[in-house]
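Participant: Quick one, query-v5.pdb (PDB, C-alpha atoms):
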```pdb
ATOM      1  CA  MET A   1      -0.107 -20.392  11.188
ATOM      2  CA  VAL A   2       2.080 -17.352  10.604
ATOM      3  CA  HIS A   3       5.379 -17.462  12.452
ATOM      4  CA  PHE A   4       7.064 -14.214  13.482
ATOM      5  CA  THR A   5      10.795 -14.257  14.178
ATOM      6  CA  PRO A   6      12.111 -12.598  17.360
ATOM      7  CA  GLU A   7      13.550  -9.828  15.162
ATOM      8  CA  GLU A   8      10.165  -9.186  13.516
ATOM      9  CA  LYS A   9       8.411  -9.089  16.901
ATOM     10  CA  ALA A  10      11.044  -6.692  18.261
ATOM     11  CA  ALA A  11      10.781  -4.423  15.213
ATOM     12  CA  VAL A  12       6.992  -4.198  15.432
ATOM     13  CA  ALA A  13       7.083  -3.577  19.184
ATOM     14  CA  SER A  14       9.769  -0.895  18.904
ATOM     15  CA  LEU A  15       7.642   1.171  16.515
ATOM     16  CA  TRP A  16       4.339   0.460  18.268
ATOM     17  CA  VAL A  17       5.420   2.265  21.450
ATOM     18  CA  LYS A  18       5.823   5.458  19.408
ATOM     19  CA  VAL A  19       2.451   5.237  17.671
ATOM     20  CA  ASN A  20      -0.310   7.712  18.561
ATOM     21  CA  VAL A  21      -3.235   5.331  18.162
ATOM     22  CA  GLU A  22      -5.847   8.046  17.594
ATOM     23  CA  VAL A  23      -3.783   9.898  14.969
ATOM     24  CA  VAL A  24      -2.527   6.862  13.026
ATOM     25  CA  GLY A  25      -5.791   4.933  13.359
ATOM     26  CA  GLY A  26      -7.948   7.859  12.332
ATOM     27  CA  GLU A  27      -5.752   8.758   9.364
ATOM     28  CA  SER A  28      -5.517   5.142   8.177
ATOM     29  CA  LEU A  29      -9.290   4.697   8.169
ATOM     30  CA  ALA A  30      -9.783   8.099   6.534
ATOM     31  CA  ARG A  31      -7.346   7.200   3.751
ATOM     32  CA  LEU A  32      -9.185   3.908   3.170
ATOM     33  CA  LEU A  33     -12.480   5.796   2.769
ATOM     34  CA  ILE A  34     -10.921   8.391   0.433
ATOM     35  CA  VAL A  35      -8.671   6.188  -1.722
ATOM     36  CA  TYR A  36     -11.139   3.254  -1.932
ATOM     37  CA  PRO A  37     -14.519   5.024  -1.802
ATOM     38  CA  TRP A  38     -16.630   1.861  -1.919
ATOM     39  CA  THR A  39     -15.518   1.188   1.647
ATOM     40  CA  GLN A  40     -17.742   4.100   2.712
ATOM     41  CA  ARG A  41     -20.671   1.706   2.323
ATOM     42  CA  PHE A  42     -19.816   0.218   5.721
ATOM     43  CA  PHE A  43     -20.068   3.572   7.454
ATOM     44  CA  ASP A  44     -23.471   5.004   6.463
ATOM     45  CA  SER A  45     -24.116   6.106  10.018
ATOM     46  CA  PHE A  46     -20.939   8.229  10.173
ATOM     47  CA  GLY A  47     -22.513  11.330   8.636
ATOM     48  CA  ASN A  48     -20.526  13.634   6.376
ATOM     49  CA  LEU A  49     -18.100  11.665   4.182
ATOM     50  CA  TYR A  50     -18.425  13.947   1.145
ATOM     51  CA  SER A  51     -14.893  15.315   0.869
ATOM     52  CA  GLU A  52     -11.300  14.707   1.956
ATOM     53  CA  SER A  53     -11.543  17.365   4.675
ATOM     54  CA  ALA A  54     -14.938  16.089   5.872
ATOM     55  CA  ILE A  55     -13.615  12.540   6.189
ATOM     56  CA  MET A  56     -10.307  13.570   7.823
ATOM     57  CA  GLY A  57     -12.173  15.750  10.341
ATOM     58  CA  ASN A  58     -15.076  13.374  11.004
ATOM     59  CA  PRO A  59     -15.050  12.483  14.728
ATOM     60  CA  LYS A  60     -16.702   9.101  14.124
ATOM     61  CA  VAL A  61     -13.992   8.189  11.612
ATOM     62  CA  LYS A  62     -11.304   9.137  14.150
ATOM     63  CA  ALA A  63     -13.004   7.194  16.917
ATOM     64  CA  HIS A  64     -13.455   4.092  14.815
ATOM     65  CA  GLY A  65      -9.895   4.376  13.490
ATOM     66  CA  ARG A  66      -8.657   4.406  17.077
ATOM     67  CA  LYS A  67     -10.762   1.317  17.842
ATOM     68  CA  VAL A  68      -9.369  -0.528  14.818
ATOM     69  CA  LEU A  69      -5.758   0.358  15.610
ATOM     70  CA  ASN A  70      -6.253  -0.680  19.238
ATOM     71  CA  SER A  71      -7.214  -4.113  17.950
ATOM     72  CA  PHE A  72      -3.904  -4.172  16.053
ATOM     73  CA  GLY A  73      -2.281  -3.366  19.387
ATOM     74  CA  ASN A  74      -3.991  -6.446  20.768
ATOM     75  CA  ALA A  75      -2.685  -8.432  17.802
ATOM     76  CA  ILE A  76       0.861  -7.341  18.678
ATOM     77  CA  LYS A  77       0.397  -8.808  22.173
ATOM     78  CA  HIS A  78      -0.766 -12.124  20.659
ATOM     79  CA  MET A  79       1.294 -12.528  17.535
ATOM     80  CA  ASP A  80       1.528 -16.285  18.049
ATOM     81  CA  ASP A  81      -2.250 -16.784  18.063
ATOM     82  CA  LEU A  82      -3.884 -14.282  15.762
ATOM     83  CA  LYS A  83      -6.638 -16.684  14.638
ATOM     84  CA  GLY A  84      -7.753 -17.243  18.220
ATOM     85  CA  THR A  85      -7.422 -13.558  19.094
ATOM     86  CA  PHE A  86      -9.567 -12.450  16.170
ATOM     87  CA  ALA A  87     -12.149 -15.282  16.208
ATOM     88  CA  ASP A  88     -14.992 -13.116  17.564
ATOM     89  CA  LEU A  89     -14.139 -10.144  15.345
ATOM     90  CA  SER A  90     -13.990 -12.499  12.370
ATOM     91  CA  GLU A  91     -17.529 -13.708  13.011
ATOM     92  CA  LEU A  92     -18.701 -10.112  13.480
ATOM     93  CA  HIS A  93     -17.160  -8.910  10.209
ATOM     94  CA  CYS A  94     -18.587 -11.860   8.294
ATOM     95  CA  ASP A  95     -22.016 -12.442   9.818
ATOM     96  CA  LYS A  96     -23.063  -8.940  10.859
ATOM     97  CA  LEU A  97     -20.964  -6.438   8.912
ATOM     98  CA  HIS A  98     -20.494  -8.393   5.636
ATOM     99  CA  VAL A  99     -17.064  -6.897   4.970
ATOM    100  CA  ASP A 100     -15.075  -8.488   2.131
ATOM    101  CA  PRO A 101     -11.741  -9.507   3.733
ATOM    102  CA  GLU A 102      -9.898  -7.844   0.842
ATOM    103  CA  ASN A 103     -10.915  -4.499   2.367
ATOM    104  CA  VAL A 104      -9.171  -5.460   5.614
ATOM    105  CA  ARG A 105      -5.989  -6.090   3.645
ATOM    106  CA  LEU A 106      -6.359  -2.662   2.016
ATOM    107  CA  LEU A 107      -6.769  -1.068   5.463
ATOM    108  CA  GLY A 108      -3.563  -2.827   6.518
ATOM    109  CA  ASN A 109      -1.780  -1.214   3.564
ATOM    110  CA  MET A 110      -3.155   2.194   4.602
ATOM    111  CA  ILE A 111      -1.720   1.687   8.092
ATOM    112  CA  LEU A 112       1.683   0.957   6.561
ATOM    113  CA  ILE A 113       1.572   4.073   4.410
ATOM    114  CA  VAL A 114       0.593   6.241   7.378
ATOM    115  CA  LEU A 115       3.384   4.714   9.491
ATOM    116  CA  ALA A 116       5.866   5.408   6.656
ATOM    117  CA  SER A 117       4.799   9.063   6.534
ATOM    118  CA  HIS A 118       5.042   9.535  10.324
ATOM    119  CA  PHE A 119       8.208   7.502  10.940
ATOM    120  CA  SER A 120      10.366   7.940   7.849
ATOM    121  CA  LYS A 121      13.632   7.200   9.656
ATOM    122  CA  GLU A 122      12.409   4.055  11.443
ATOM    123  CA  PHE A 123      10.439   2.652   8.506
ATOM    124  CA  THR A 124      13.291   0.747   6.876
ATOM    125  CA  PRO A 125      12.525  -2.047   4.373
ATOM    126  CA  GLN A 126      12.921  -4.563   7.217
ATOM    127  CA  MET A 127      10.497  -2.617   9.432
ATOM    128  CA  GLN A 128       8.015  -2.455   6.548
ATOM    129  CA  ALA A 129       8.373  -6.207   5.957
ATOM    130  CA  ALA A 130       7.624  -6.999   9.620
ATOM    131  CA  TRP A 131       4.549  -4.755   9.680
ATOM    132  CA  GLN A 132       3.446  -6.066   6.266
ATOM    133  CA  LYS A 133       3.553  -9.589   7.661
ATOM    134  CA  LEU A 134       1.509  -8.485  10.691
ATOM    135  CA  THR A 135      -1.193  -6.652   8.728
ATOM    136  CA  ASN A 136      -1.509  -9.497   6.219
ATOM    137  CA  ALA A 137      -1.730 -12.008   9.073
ATOM    138  CA  VAL A 138      -4.419  -9.936  10.834
ATOM    139  CA  ALA A 139      -6.410  -9.737   7.572
ATOM    140  CA  SER A 140      -6.085 -13.486   7.206
ATOM    141  CA  ALA A 141      -7.115 -14.111  10.840
ATOM    142  CA  LEU A 142     -10.108 -11.812  10.408
ATOM    143  CA  ALA A 143     -11.172 -13.801   7.335
ATOM    144  CA  HIS A 144     -10.745 -17.134   9.100
ATOM    145  CA  LYS A 145     -14.333 -17.566  10.337
ATOM    146  CA  TYR A 146     -15.933 -16.481   7.070
ATOM    147  CA  HIS A 147     -18.311 -18.909   5.483
TER     148      HIS A 147
ATOM    149  CA  MET B   1      -9.286  10.662 -21.041
ATOM    150  CA  VAL B   2      -7.587   8.399 -18.589
ATOM    151  CA  LEU B   3      -7.468  10.577 -15.484
ATOM    152  CA  ALA B   4      -9.806  13.297 -14.273
ATOM    153  CA  PRO B   5      -8.259  16.793 -14.485
ATOM    154  CA  ALA B   6      -7.674  17.079 -10.726
ATOM    155  CA  ASP B   7      -5.898  13.703 -10.572
ATOM    156  CA  ARG B   8      -3.813  14.528 -13.649
ATOM    157  CA  ALA B   9      -2.768  17.906 -12.225
ATOM    158  CA  ALA B  10      -1.830  16.339  -8.876
ATOM    159  CA  VAL B  11       0.332  13.601 -10.442
ATOM    160  CA  LEU B  12       2.039  16.061 -12.819
ATOM    161  CA  ALA B  13       2.788  18.456  -9.968
ATOM    162  CA  LEU B  14       4.286  15.716  -7.826
ATOM    163  CA  TRP B  15       6.393  14.412 -10.725
ATOM    164  CA  ARG B  16       7.746  17.936 -11.313
ATOM    165  CA  LYS B  17       8.691  18.083  -7.645
ATOM    166  CA  LEU B  18      10.404  14.672  -7.753
ATOM    167  CA  GLY B  19      12.450  15.885 -10.734
ATOM    168  CA  THR B  20      15.527  13.742 -11.336
ATOM    169  CA  ASN B  21      14.982  11.823  -8.085
ATOM    170  CA  VAL B  22      12.308   9.503  -9.502
ATOM    171  CA  GLY B  23      14.972   6.820 -10.059
ATOM    172  CA  ILE B  24      16.100   6.954  -6.431
ATOM    173  CA  TYR B  25      12.564   6.362  -5.150
ATOM    174  CA  THR B  26      11.706   3.664  -7.672
ATOM    175  CA  THR B  27      14.894   1.827  -6.703
ATOM    176  CA  GLU B  28      13.894   2.072  -3.042
ATOM    177  CA  ALA B  29      10.433   0.761  -3.965
ATOM    178  CA  LEU B  30      12.031  -2.222  -5.724
ATOM    179  CA  GLU B  31      14.261  -2.954  -2.720
ATOM    180  CA  ARG B  32      11.254  -2.741  -0.386
ATOM    181  CA  THR B  33       9.296  -5.130  -2.623
ATOM    182  CA  PHE B  34      12.114  -7.697  -2.451
ATOM    183  CA  VAL B  35      12.275  -7.496   1.355
ATOM    184  CA  ALA B  36       8.520  -7.371   2.121
ATOM    185  CA  PHE B  37       7.475  -9.811  -0.616
ATOM    186  CA  PRO B  38      10.403 -12.201  -1.115
ATOM    187  CA  SER B  39       8.623 -14.248  -3.820
ATOM    188  CA  SER B  40       8.977 -11.187  -6.080
ATOM    189  CA  LYS B  41      12.713 -11.865  -6.294
ATOM    190  CA  ALA B  42      11.847 -14.753  -8.641
ATOM    191  CA  TYR B  43      11.763 -12.300 -11.552
ATOM    192  CA  PHE B  44      15.254 -11.005 -10.811
ATOM    193  CA  LEU B  45      17.370 -14.075 -10.168
ATOM    194  CA  HIS B  46      19.775 -12.874 -12.851
ATOM    195  CA  LEU B  47      20.572  -9.734 -10.831
ATOM    196  CA  ASN B  48      22.642  -9.120  -7.741
ATOM    197  CA  LEU B  49      19.893  -8.296  -5.229
ATOM    198  CA  SER B  50      22.060  -7.389  -2.242
ATOM    199  CA  PRO B  51      21.260  -3.979  -0.660
ATOM    200  CA  GLY B  52      22.716  -1.103  -2.663
ATOM    201  CA  SER B  53      23.184  -3.246  -5.778
ATOM    202  CA  ALA B  54      24.071  -1.237  -8.871
ATOM    203  CA  GLN B  55      22.018  -3.649 -10.983
ATOM    204  CA  VAL B  56      18.891  -3.003  -8.905
ATOM    205  CA  ARG B  57      19.592   0.719  -9.148
ATOM    206  CA  ALA B  58      19.832   0.412 -12.936
ATOM    207  CA  HIS B  59      16.534  -1.425 -13.093
ATOM    208  CA  GLY B  60      14.959   1.110 -10.753
ATOM    209  CA  GLN B  61      15.983   3.851 -13.181
ATOM    210  CA  LYS B  62      14.413   1.927 -16.096
ATOM    211  CA  VAL B  63      11.136   1.649 -14.168
ATOM    212  CA  ALA B  64      11.361   5.361 -13.253
ATOM    213  CA  ASP B  65      11.842   6.309 -16.901
ATOM    214  CA  ALA B  66       8.787   4.235 -17.873
ATOM    215  CA  LEU B  67       6.664   5.877 -15.163
ATOM    216  CA  THR B  68       7.804   9.334 -16.301
ATOM    217  CA  LEU B  69       6.914   8.383 -19.862
ATOM    218  CA  ALA B  70       3.479   7.342 -18.621
ATOM    219  CA  VAL B  71       3.027  10.624 -16.710
ATOM    220  CA  ASN B  72       3.787  12.530 -19.920
ATOM    221  CA  HIS B  73       1.422  10.431 -22.069
ATOM    222  CA  LEU B  74      -1.621  10.054 -19.855
ATOM    223  CA  ASP B  75      -3.986  10.209 -22.842
ATOM    224  CA  ASP B  76      -2.423   7.284 -24.625
ATOM    225  CA  LEU B  77      -1.068   4.791 -22.122
ATOM    226  CA  PRO B  78      -1.858   1.555 -24.005
ATOM    227  CA  ARG B  79       0.020   2.717 -27.101
ATOM    228  CA  THR B  80       2.851   4.368 -25.142
ATOM    229  CA  LEU B  81       3.445   1.243 -23.065
ATOM    230  CA  SER B  82       2.749  -1.353 -25.792
ATOM    231  CA  ALA B  83       6.371  -2.499 -26.127
ATOM    232  CA  LEU B  84       6.708  -2.832 -22.358
ATOM    233  CA  ARG B  85       3.382  -4.692 -22.239
ATOM    234  CA  GLU B  86       4.651  -7.130 -24.844
ATOM    235  CA  LEU B  87       7.886  -7.620 -22.910
ATOM    236  CA  HIS B  88       6.346  -8.108 -19.473
ATOM    237  CA  THR B  89       3.401 -10.239 -20.606
ATOM    238  CA  HIS B  90       4.852 -12.524 -23.232
ATOM    239  CA  LYS B  91       8.601 -12.593 -22.665
ATOM    240  CA  LEU B  92       8.998 -12.085 -18.906
ATOM    241  CA  ARG B  93       5.578 -13.522 -17.990
ATOM    242  CA  VAL B  94       5.187 -11.384 -14.892
ATOM    243  CA  ASP B  95       2.226 -12.124 -12.640
ATOM    244  CA  PRO B  96       0.276  -8.829 -12.521
ATOM    245  CA  VAL B  97       0.089  -9.190  -8.732
ATOM    246  CA  PHE B  98       3.773  -8.247  -8.682
ATOM    247  CA  PHE B  99       2.974  -4.840 -10.217
ATOM    248  CA  LYS B 100       0.446  -4.214  -7.426
ATOM    249  CA  LEU B 101       3.068  -5.044  -4.792
ATOM    250  CA  LEU B 102       5.635  -2.758  -6.432
ATOM    251  CA  CYS B 103       3.080   0.078  -6.663
ATOM    252  CA  HIS B 104       2.224  -0.336  -2.966
ATOM    253  CA  CYS B 105       5.929  -0.090  -2.097
ATOM    254  CA  GLN B 106       6.210   2.967  -4.366
ATOM    255  CA  LEU B 107       3.435   4.624  -2.348
ATOM    256  CA  VAL B 108       5.144   3.694   0.945
ATOM    257  CA  THR B 109       8.397   5.221  -0.397
ATOM    258  CA  LEU B 110       6.755   8.456  -1.539
ATOM    259  CA  ALA B 111       4.800   8.776   1.746
ATOM    260  CA  ARG B 112       8.087   8.348   3.595
ATOM    261  CA  HIS B 113      10.003  11.000   1.652
ATOM    262  CA  TYR B 114       7.220  13.495   0.955
ATOM    263  CA  PRO B 115       4.802  13.239   3.893
ATOM    264  CA  GLY B 116       3.772  16.886   3.491
ATOM    265  CA  ASP B 117       2.790  16.315  -0.139
ATOM    266  CA  PHE B 118       1.106  12.986   0.426
ATOM    267  CA  SER B 119      -2.396  14.115   1.307
ATOM    268  CA  PRO B 120      -5.206  11.525   1.028
ATOM    269  CA  ASN B 121      -6.348  13.149  -2.239
ATOM    270  CA  MET B 122      -2.783  12.978  -3.637
ATOM    271  CA  HIS B 123      -2.646   9.362  -2.505
ATOM    272  CA  ALA B 124      -5.949   8.643  -4.283
ATOM    273  CA  SER B 125      -4.725  10.326  -7.507
ATOM    274  CA  LEU B 126      -1.511   8.284  -7.463
ATOM    275  CA  VAL B 127      -3.443   5.038  -6.958
ATOM    276  CA  LYS B 128      -5.644   5.853  -9.954
ATOM    277  CA  PHE B 129      -2.593   6.724 -12.083
ATOM    278  CA  LEU B 130      -0.694   3.566 -11.100
ATOM    279  CA  ASN B 131      -3.780   1.397 -11.696
ATOM    280  CA  HIS B 132      -3.993   2.805 -15.234
ATOM    281  CA  VAL B 133      -0.311   2.008 -15.774
ATOM    282  CA  ILE B 134      -0.848  -1.555 -14.527
ATOM    283  CA  SER B 135      -3.874  -1.947 -16.845
ATOM    284  CA  ALA B 136      -1.817  -0.773 -19.803
ATOM    285  CA  LEU B 137       1.084  -3.039 -18.852
ATOM    286  CA  ALA B 138      -0.971  -6.136 -17.968
ATOM    287  CA  PRO B 139      -4.391  -5.952 -19.638
ATOM    288  CA  SER B 140      -5.536  -9.330 -18.372
ATOM    289  CA  SER B 141      -4.939  -8.373 -14.755
ATOM    290  CA  GLY B 142      -8.703  -7.865 -14.247
TER     291      GLY B 142
END
```
Kindly return the structure encoded in the file as structure tokens.

Facilitator:
Amino acid sequence: MVHFTPEEKAAVASLWVKVNVEVVGGESLARLLIVYPWTQRFFDSFGNLYSESAIMGNPKVKAHGRKVLNSFGNAIKHMDDLKGTFADLSELHCDKLHVDPENVRLLGNMILIVLASHFSKEFTPQMQAAWQKLTNAVASALAHKYH
Amino acid sequence: MVLAPADRAAVLALWRKLGTNVGIYTTEALERTFVAFPSSKAYFLHLNLSPGSAQVRAHGQKVADALTLAVNHLDDLPRTLSALRELHTHKLRVDPVFFKLLCHCQLVTLARHYPGDFSPNMHASLVKFLNHVISALAPSSG
């Protein structure tokens, strides 16, 4: 089980209150789809994903990005039990969606890059390390029920 | 040709903008790698790794110079980087995963300092460029 120090929890929480979930979530998912185009295979029903501007402006991408980042918000409330928190989502991503867990780790890295671009002053190496630990732990928790 | 024309143009334009500051950002990327991925420090036990270390700064500049060399020789990366490949593979025996971590931290650093220039397409071009550098530096990285 991943253990977060009080300092790491405080760092994550202090940035989270400033995050616009729709903006950061939407941009993170859009970057995943643009930088790693194979991930578009999971979003056939989203319509126009043919260009950077189409993806960035796609309302379904924004909505789903917000949903995904809200689940990270839930993770922040349950940092001591991520496996339990993500048990249902893990089964969903394995059994129904068939998403390779590596793609979840890549999405975590996109979130970090978007946070760095929006919060340059706050995103110190220590802040990055705390968020890196969180996103890697979420990816791991999401992969936990895979079989 | 290693990179498509649009990716090549984007990377060249960004590098021109970074100018002589490439070393500053590569050093920051190294420092971030050490903090976010502490196991990476294993390759640098001979250096003083405390924040602001002159030795880390010197190594950051070396990495920056190699990246600039790569940017200016996009058509011939394997040959251009052959000596560095030899060094990192056979002498230093660096796990290629480390290069991926450093590249991720490089992207975080650039996004932090140049958010206005770091569009998703620019981001994608940089990832392609850095992946080609990693392939040339560590051919067995898969």

Participant: As a check of understanding, name the residues that the PyMOL selection byres ((chain B) within 6 of (chain A)) selects in the supplied structure, as a PyMOL selection string.

Facilitator: chain B and resi 32+36+108+111-112+115+120+124

Participant: Please compute the CA of Pro96 (chain B)-CA of Ala138 (chain B) distance, one decimal, in Å.

Facilitator: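 CA of Ala138 (chain B) lies 6.2 Å from CA of Pro96 (chain B).
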
Participant: Selected by the PyMOL selection byres ((chain B and resi 110) around 12) in the shown coordinates: which residues, as a PDB file with C-alpha atoms, keeping the file's coordinate frame?

Facilitator:
```
ATOM      1  CA  ILE A 113       1.572   4.073   4.410  1.00  0.00           C
ATOM      2  CA  VAL A 114       0.593   6.241   7.378  1.00  0.00           C
ATOM      3  CA  ALA A 116       5.866   5.408   6.656  1.00  0.00           C
ATOM      4  CA  SER A 117       4.799   9.063   6.534  1.00  0.00           C
ATOM      5  CA  SER A 120      10.366   7.940   7.849  1.00  0.00           C
TER       6      SER A 120
ATOM      7  CA  LEU B  14       4.286  15.716  -7.826  1.00  0.00           C
ATOM      8  CA  TRP B  15       6.393  14.412 -10.725  1.00  0.00           C
ATOM      9  CA  LYS B  17       8.691  18.083  -7.645  1.00  0.00           C
ATOM     10  CA  LEU B  18      10.404  14.672  -7.753  1.00  0.00           C
ATOM     11  CA  ASN B  21      14.982  11.823  -8.085  1.00  0.00           C
ATOM     12  CA  VAL B  22      12.308   9.503  -9.502  1.00  0.00           C
ATOM     13  CA  GLY B  23      14.972   6.820 -10.059  1.00  0.00           C
ATOM     14  CA  ILE B  24      16.100   6.954  -6.431  1.00  0.00           C
ATOM     15  CA  TYR B  25      12.564   6.362  -5.150  1.00  0.00           C
ATOM     16  CA  THR B  26      11.706   3.664  -7.672  1.00  0.00           C
ATOM     17  CA  THR B  27      14.894   1.827  -6.703  1.00  0.00           C
ATOM     18  CA  GLU B  28      13.894   2.072  -3.042  1.00  0.00           C
ATOM     19  CA  ALA B  29      10.433   0.761  -3.965  1.00  0.00           C
ATOM     20  CA  CYS B 103       3.080   0.078  -6.663  1.00  0.00           C
ATOM     21  CA  HIS B 104       2.224  -0.336  -2.966  1.00  0.00           C
ATOM     22  CA  CYS B 105       5.929  -0.090  -2.097  1.00  0.00           C
ATOM     23  CA  GLN B 106       6.210   2.967  -4.366  1.00  0.00           C
ATOM     24  CA  LEU B 107       3.435   4.624  -2.348  1.00  0.00           C
ATOM     25  CA  VAL B 108       5.144   3.694   0.945  1.00  0.00           C
ATOM     26  CA  THR B 109       8.397   5.221  -0.397  1.00  0.00           C
ATOM     27  CA  ALA B 111       4.800   8.776   1.746  1.00  0.00           C
ATOM     28  CA  ARG B 112       8.087   8.348   3.595  1.00  0.00           C
ATOM     29  CA  HIS B 113      10.003  11.000   1.652  1.00  0.00           C
ATOM     30  CA  TYR B 114       7.220  13.495   0.955  1.00  0.00           C
ATOM     31  CA  PRO B 115       4.802  13.239   3.893  1.00  0.00           C
ATOM     32  CA  GLY B 116       3.772  16.886   3.491  1.00  0.00           C
ATOM     33  CA  ASP B 117       2.790  16.315  -0.139  1.00  0.00           C
ATOM     34  CA  PHE B 118       1.106  12.986   0.426  1.00  0.00           C
ATOM     35  CA  SER B 119      -2.396  14.115   1.307  1.00  0.00           C
ATOM     36  CA  MET B 122      -2.783  12.978  -3.637  1.00  0.00           C
ATOM     37  CA  HIS B 123      -2.646   9.362  -2.505  1.00  0.00           C
ATOM     38  CA  LEU B 126      -1.511   8.284  -7.463  1.00  0.00           C
TER      39      LEU B 126
END
```

Participant: Record the distance separating CA of Thr80 (chain B) and CA of Leu92 (chain B), expressed in Å with one decimal.

Facilitator: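 Here the two named atoms are 18.6 Å from each other.
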
Participant: Would you translate the PyMOL selection byres ((chain A and resi 104) around 12) into the concrete set of residues it matches in this file, as a PyMOL selection string?

Facilitator: chain A and resi 28-29+32+36+39+68+72+89-90+93-94+98-103+105-111+135-143

Participant: Give the answer as one residue: which of A:Leu69, A:Leu92, A:Leu134, A:Leu97 has the shortest atom-to-atom distance to Val21 (chain A), using all atoms listed in the file?

Facilitator: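 Closest residue, counting all atoms listed in the file: A:Leu69.
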
Participant: Adding 3 Å on each side of the box along x, y and z that holds all listed atoms of region 82-98 of chain A, could you give its centre and edge lengths in Å to one decimal, as JSON?

Facilitator:
```
{"center_x": -13.5, "center_y": -11.8, "center_z": 12.4, "size_x": 25.2, "size_y": 16.8, "size_z": 19.5}
```

Participant: Looking at B:Val35, B:Ile134, B:Val94, B:Ala10, which one is nearest to Ser82 (chain B), with distances taken over all atoms listed in the file?

Facilitator: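 Result for the nearest residue to Ser82 (chain B): B:Ile134.
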
Participant: To one decimal in Å, tell me the separation between CA of Ala13 (chain B) and CA of Thr68 (chain B).

Facilitator: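 Spanning CA of Ala13 (chain B) to CA of Thr68 (chain B) is a straight-line distance of 12.2 Å.
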
Participant: Would you mind telling me which residue in A:Ala87, A:Phe46, A:Met79, A:Gly73 lies nearest to Lys18 (chain A) when using all atoms listed in the file?

Facilitator: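 The closest residue to Lys18 (chain A) is A:Gly73.
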
Participant: Which residue, A:His147, A:Leu82, A:Lys62, A:Glu91, has the smallest gap to Glu22 (chain A) when you use all atoms listed in the file?

Facilitator: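 Comparing A:His147, A:Leu82, A:Lys62, A:Glu91 against Glu22 (chain A), the winner is A:Lys62.
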
Participant: Nearest residue to Ser53 (chain B) out of B:Lys41, B:Leu81, B:Glu31, B:Thr20, using only C-alpha atoms?

Facilitator: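 Smallest distance to Ser53 (chain B) is found for B:Glu31.
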
Participant: Check the smallest atom-to-atom distance from each of B:Ala83, B:Ala70, B:Leu102, B:Leu137 to Leu3 (chain B) using only C-alpha atoms, then report the winner.

Facilitator: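 Of all the options, B:Ala70 lies closest to Leu3 (chain B).
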